[in-house]
Amino acid sequence: MADLVIRGGQLVDGTGGPARPADVVVDGDRIVDVTGPGRAPRGGREIDADGRLVTPGFVDIHTHYDGQATWDPEVSPSGWHGVTTVVMGNCGVGFAPAAPDRRDWLIQLMEGVEDIPGTALAEGMSWNWESFPDYLDELERLPRVMDVAAQVPHGAVRGYVMGDRGAANEEATAEDVTAMAAIVEASLRAGAVGFSTTRTVLHRAKDGELAAGTTASVDELLGIGDALGAAGAGVFEVASDMVDPEAEFAWMADLSRRTGRPVTFGCLQNDVWPQQWRTLLELSERANADGARIVPQVAGRPACLLFGFASSVHPFITHRAYRAVADLPLPERVALLRPPEVGDAILWERVERPGFGAYLLSSFHKLFPLGDPPDYEPAPERSVAAIAAREGRTPEEVTYDLMLGRDGTELLYFPLLGYTDGDFGALGEMLARDDTVLGLGDGGAHCGVLCDASLPTYMLTHWVRDRSRGERFTLEDVVAMQTRRTAELYGFGDRGVVAPGYRADLNVVDLDALAIEPPEMVYDLPAGGRRLVQRARGYGATVCAGVPVRLDDEATGDRPGALVRGARPAPA
């Protein structure tokens, strides 16, 4: 008798091959057989998958659960969307190594860059570590519903080695670089799966300073990168503005060739240079043809902000009349915002917004009602600007009234990157390529302005089943995008495929019933910290290491997840 049998499902095995009816047989934490329907032996536990899909568990390679994973065994909301493995430590921010006198600095760095409440981090983390290997040991102690893997963050390493000089982005000396490389190599040998850095001016600590490492010299980046070559392990992850693409690709390609390790970078369309993504893909192709391995990491839906009175940003956030009530609890605030005279005082106050703030808070042609179910590819005529024109009102009036909906919890959708001129075309082209990888869901981060941890569910609902304004992807391709292909980048050869010998990380999905609920603000982080979460319906089961951790969209209470230390070989 097998430990677990998933019987009678339509198997989409993660390889990209055609779906087929099959039974999946599990013993312990491994798949031992995939056989024709009705041919599996009896199982000590059985899951009826008739009429539903069976897929590998999803592997999300761009998350920021570095703090949350030390206290939250559910690793939510990613755990609600079929994810069974996450990679943390992206964008150069994290919590190890951590000298005792730099803990507060690391918290405010993460709070500023990734919008995770500092009070929650301060209360939630035990700080039972100083070195990165110590941090990995702490991660290993907590049972959880999924596996976690961690990268070494540049900001933390710089702060540990260089102190205030590192925090202030002063140039590293040769001795500094040698010390940082030694830390990274030791961390990789202890089980880190990569190293990450940021080179974007959008990433700033809470104190307003650029994230540590943003302006690091090429010598520093290559010197640290050599640690990956010395360890023979790890991915080098980069978040960059790509202001000078040729220069950025020169050092990334050099690093990849000299170390033999892959470099992955965030590749998104932006409104300032709408075709830049094509340049970045061409440069990737050129570098890879010359012996590098550079992997553009692309998103499955636009990188967005959610505007609302419950969120961290909206067009009235800097108005003095609004600031007078901004700190009140939401129900009290909304009650005070409803009277017309209060609304008029806010709406007709003139506010000067320089630069990016003016673009962000005044681009009403890019602001949309999100709706229920959420619509992440709205037609241009659904924009706030279009509604205002039809109704003979100002966009500000329309925005204000919409945000008062649902007792002030209504959220408006601002697709910041990846949705220029109301077109999803760039996203589709990037996703369709064989040399890109799906990522950038940012699970655990940007708690007050977005929740894209639902990306795995969205890929199935929007790109496979529901899309009406353009081409869709096949079910087989979308499953492969977020299983085998993401696992392969980080060397997780033991997962991402449903076949004998592979990890028994599995999903049973009712594709017809699968749905994403609207994001909602909850206050369940330590110290009552807030975050946007987004739930899913339609997961019959999520199995991690052979153990069902969710059944019919509810947690079972089992927590078989573990720390992934380094690359894993594929089954023989």
# chains A, B, ... in the order shown; residues from 1 in each chain; ligands from 1

call {"tool": "residues_around", "arguments": {"residues": "stretch 478-495 of chain A", "least_positions_apart": "2", "cutoff": "6 Å", "atoms": "only C-alpha atoms", "output": "number ranges by chain"}}
result
A: 14-16, 58-59, 475-476, 497, 502-503, 567-570

call {"tool": "residues_around", "arguments": {"residues": "stretch 276-288 of chain A", "least_positions_apart": "6", "cutoff": "9 Å", "atoms": "only C-alpha atoms", "output": "JSON, numbers by chain"}}
result
{"A": [242, 245, 246, 249, 250, 252, 253, 254, 267, 268, 269, 270, 294, 295, 296, 426, 430, 435, 436]}

call {"tool": "atom_distance", "arguments": {"atom1": "atom CA of A:Gly300", "atom2": "atom CA of A:Asp375"}}
result
13.6 Å

call {"tool": "select_by_dssp", "arguments": {"residues": "stretch 53-136 of chain A", "states": "strand (DSSP E)", "output": "PyMOL selection string"}}
result
chain A and resi 53-56+58-60+83-88

call {"tool": "write_last_selection", "arguments": {"atoms": "C-alpha atoms", "output": "mmCIF file, in the first residue's frame"}}
result
data_model
loop_
_atom_site.group_PDB
_atom_site.id
_atom_site.type_symbol
_atom_site.label_atom_id
_atom_site.label_comp_id
_atom_site.auth_asym_id
_atom_site.auth_seq_id
_atom_site.Cartn_x
_atom_site.Cartn_y
_atom_site.Cartn_z
ATOM 1 C CA LEU A 53 -5.545 18.937 -12.820
ATOM 2 C CA VAL A 54 -2.521 17.470 -11.084
ATOM 3 C CA THR A 55 0.606 19.617 -11.321
ATOM 4 C CA PRO A 56 3.942 19.935 -9.571
ATOM 5 C CA PHE A 58 4.896 25.831 -7.785
ATOM 6 C CA VAL A 59 8.412 27.211 -7.270
ATOM 7 C CA ASP A 60 8.409 30.987 -6.670
ATOM 8 C CA VAL A 83 3.526 27.325 -3.909
ATOM 9 C CA THR A 84 5.665 24.630 -2.301
ATOM 10 C CA THR A 85 9.120 26.248 -2.610
ATOM 11 C CA VAL A 86 10.140 29.922 -2.306
ATOM 12 C CA VAL A 87 13.447 31.724 -2.810
ATOM 13 C CA MET A 88 13.997 34.696 -0.480
#

call {"tool": "residues_around", "arguments": {"residues": "A:Tyr160", "least_positions_apart": "3", "cutoff": "9 Å", "atoms": "only C-alpha atoms", "output": "PyMOL selection string"}}
result
chain A and resi 96-99+102+155-157+163+166+180

call {"tool": "write_last_selection", "arguments": {"atoms": "C-alpha atoms", "output": "PDB file, in the first residue's frame"}}
result
ATOM      1  CA  ALA A  96      21.930  38.182   7.720  1.00  0.00           C
ATOM      2  CA  PRO A  97      24.721  38.628   8.408  1.00  0.00           C
ATOM      3  CA  ALA A  98      23.616  40.889  11.253  1.00  0.00           C
ATOM      4  CA  ALA A  99      25.843  42.401  13.888  1.00  0.00           C
ATOM      5  CA  ARG A 102      22.950  46.828  13.091  1.00  0.00           C
ATOM      6  CA  GLY A 155      22.985  45.288   1.790  1.00  0.00           C
ATOM      7  CA  ALA A 156      23.390  43.138   4.886  1.00  0.00           C
ATOM      8  CA  VAL A 157      26.876  41.990   3.888  1.00  0.00           C
ATOM      9  CA  GLY A 163      29.426  49.536   8.998  1.00  0.00           C
ATOM     10  CA  GLY A 166      28.607  50.477   3.725  1.00  0.00           C
ATOM     11  CA  MET A 180      32.520  40.476   1.714  1.00  0.00           C
TER      12      MET A 180
END

call {"tool": "residues_around", "arguments": {"residues": "A:Val113", "least_positions_apart": "4", "cutoff": "6 Å", "atoms": "only C-alpha atoms", "output": "MDAnalysis selection string"}}
result
chainID A and resid 203:205

call {"tool": "write_last_selection", "arguments": {"atoms": "all heavy atoms", "output": "PDB file, in the first residue's frame"}}
result
ATOM      1  N   HIS A 203      14.850  51.841  -4.757  1.00  0.00           N
ATOM      2  CA  HIS A 203      15.076  51.088  -3.521  1.00  0.00           C
ATOM      3  C   HIS A 203      15.809  51.971  -2.515  1.00  0.00           C
ATOM      4  O   HIS A 203      17.021  52.164  -2.613  1.00  0.00           O
ATOM      5  CB  HIS A 203      15.879  49.813  -3.794  1.00  0.00           C
ATOM      6  CG  HIS A 203      15.073  48.735  -4.427  1.00  0.00           C
ATOM      7  ND1 HIS A 203      15.637  47.601  -4.997  1.00  0.00           N
ATOM      8  CD2 HIS A 203      13.728  48.603  -4.596  1.00  0.00           C
ATOM      9  CE1 HIS A 203      14.673  46.830  -5.477  1.00  0.00           C
ATOM     10  NE2 HIS A 203      13.514  47.417  -5.239  1.00  0.00           N
ATOM     11  N   ARG A 204      15.054  52.493  -1.563  1.00  0.00           N
ATOM     12  CA  ARG A 204      15.621  53.361  -0.537  1.00  0.00           C
ATOM     13  C   ARG A 204      15.206  52.864   0.847  1.00  0.00           C
ATOM     14  O   ARG A 204      14.094  52.386   1.040  1.00  0.00           O
ATOM     15  CB  ARG A 204      15.156  54.805  -0.730  1.00  0.00           C
ATOM     16  CG  ARG A 204      15.717  55.446  -1.989  1.00  0.00           C
ATOM     17  CD  ARG A 204      15.250  56.874  -2.161  1.00  0.00           C
ATOM     18  NE  ARG A 204      15.805  57.454  -3.389  1.00  0.00           N
ATOM     19  CZ  ARG A 204      16.949  58.131  -3.451  1.00  0.00           C
ATOM     20  NH1 ARG A 204      17.651  58.318  -2.344  1.00  0.00           N
ATOM     21  NH2 ARG A 204      17.392  58.609  -4.599  1.00  0.00           N
ATOM     22  N   ALA A 205      16.131  53.000   1.784  1.00  0.00           N
ATOM     23  CA  ALA A 205      15.821  52.665   3.171  1.00  0.00           C
ATOM     24  C   ALA A 205      14.801  53.644   3.716  1.00  0.00           C
ATOM     25  O   ALA A 205      14.519  54.694   3.122  1.00  0.00           O
ATOM     26  CB  ALA A 205      17.102  52.690   4.002  1.00  0.00           C
TER      27      ALA A 205
END

call {"tool": "residues_around", "arguments": {"residues": "A:Gly444", "least_positions_apart": "2", "cutoff": "8 Å", "atoms": "only C-alpha atoms", "output": "PyMOL selection string"}}
result
chain A and resi 63-65+68+76-77+116+442+446-447+453

call {"tool": "write_last_selection", "arguments": {"atoms": "N, CA and C atoms", "output": "PDB file, in the first residue's frame"}}
result
ATOM      1  N   THR A  63      10.752  36.221  -3.795  1.00  0.00           N
ATOM      2  CA  THR A  63       9.938  36.582  -2.632  1.00  0.00           C
ATOM      3  C   THR A  63      10.807  37.313  -1.610  1.00  0.00           C
ATOM      4  N   HIS A  64      10.130  37.852  -0.592  1.00  0.00           N
ATOM      5  CA  HIS A  64      10.802  38.599   0.476  1.00  0.00           C
ATOM      6  C   HIS A  64      10.276  38.158   1.840  1.00  0.00           C
ATOM      7  N   TYR A  65      10.227  36.850   2.055  1.00  0.00           N
ATOM      8  CA  TYR A  65       9.769  36.311   3.336  1.00  0.00           C
ATOM      9  C   TYR A  65      10.910  36.179   4.348  1.00  0.00           C
ATOM     10  N   GLN A  68       9.479  37.040   7.767  1.00  0.00           N
ATOM     11  CA  GLN A  68       8.241  36.298   8.033  1.00  0.00           C
ATOM     12  C   GLN A  68       8.487  34.805   8.157  1.00  0.00           C
ATOM     13  N   SER A  76       2.231  32.654   4.312  1.00  0.00           N
ATOM     14  CA  SER A  76       1.108  33.176   3.538  1.00  0.00           C
ATOM     15  C   SER A  76       1.435  34.580   3.038  1.00  0.00           C
ATOM     16  N   PRO A  77       0.830  34.987   1.900  1.00  0.00           N
ATOM     17  CA  PRO A  77      -0.202  34.274   1.150  1.00  0.00           C
ATOM     18  C   PRO A  77       0.307  33.299   0.100  1.00  0.00           C
ATOM     19  N   ILE A 116       7.651  46.521   4.329  1.00  0.00           N
ATOM     20  CA  ILE A 116       7.232  45.556   5.344  1.00  0.00           C
ATOM     21  C   ILE A 116       7.288  46.288   6.683  1.00  0.00           C
ATOM     22  N   ASP A 442       7.103  38.998  -5.646  1.00  0.00           N
ATOM     23  CA  ASP A 442       7.358  39.783  -4.433  1.00  0.00           C
ATOM     24  C   ASP A 442       6.551  39.319  -3.225  1.00  0.00           C
ATOM     25  N   HIS A 446       5.969  44.716   0.081  1.00  0.00           N
ATOM     26  CA  HIS A 446       5.084  45.798  -0.363  1.00  0.00           C
ATOM     27  C   HIS A 446       3.697  45.651   0.266  1.00  0.00           C
ATOM     28  N   CYS A 447       3.722  45.434   1.563  1.00  0.00           N
ATOM     29  CA  CYS A 447       2.511  45.045   2.290  1.00  0.00           C
ATOM     30  C   CYS A 447       1.391  46.071   2.192  1.00  0.00           C
ATOM     31  N   ALA A 453       1.612  37.939  -4.718  1.00  0.00           N
ATOM     32  CA  ALA A 453       1.923  36.550  -4.401  1.00  0.00           C
ATOM     33  C   ALA A 453       0.918  35.593  -5.008  1.00  0.00           C
TER      34      ALA A 453
END
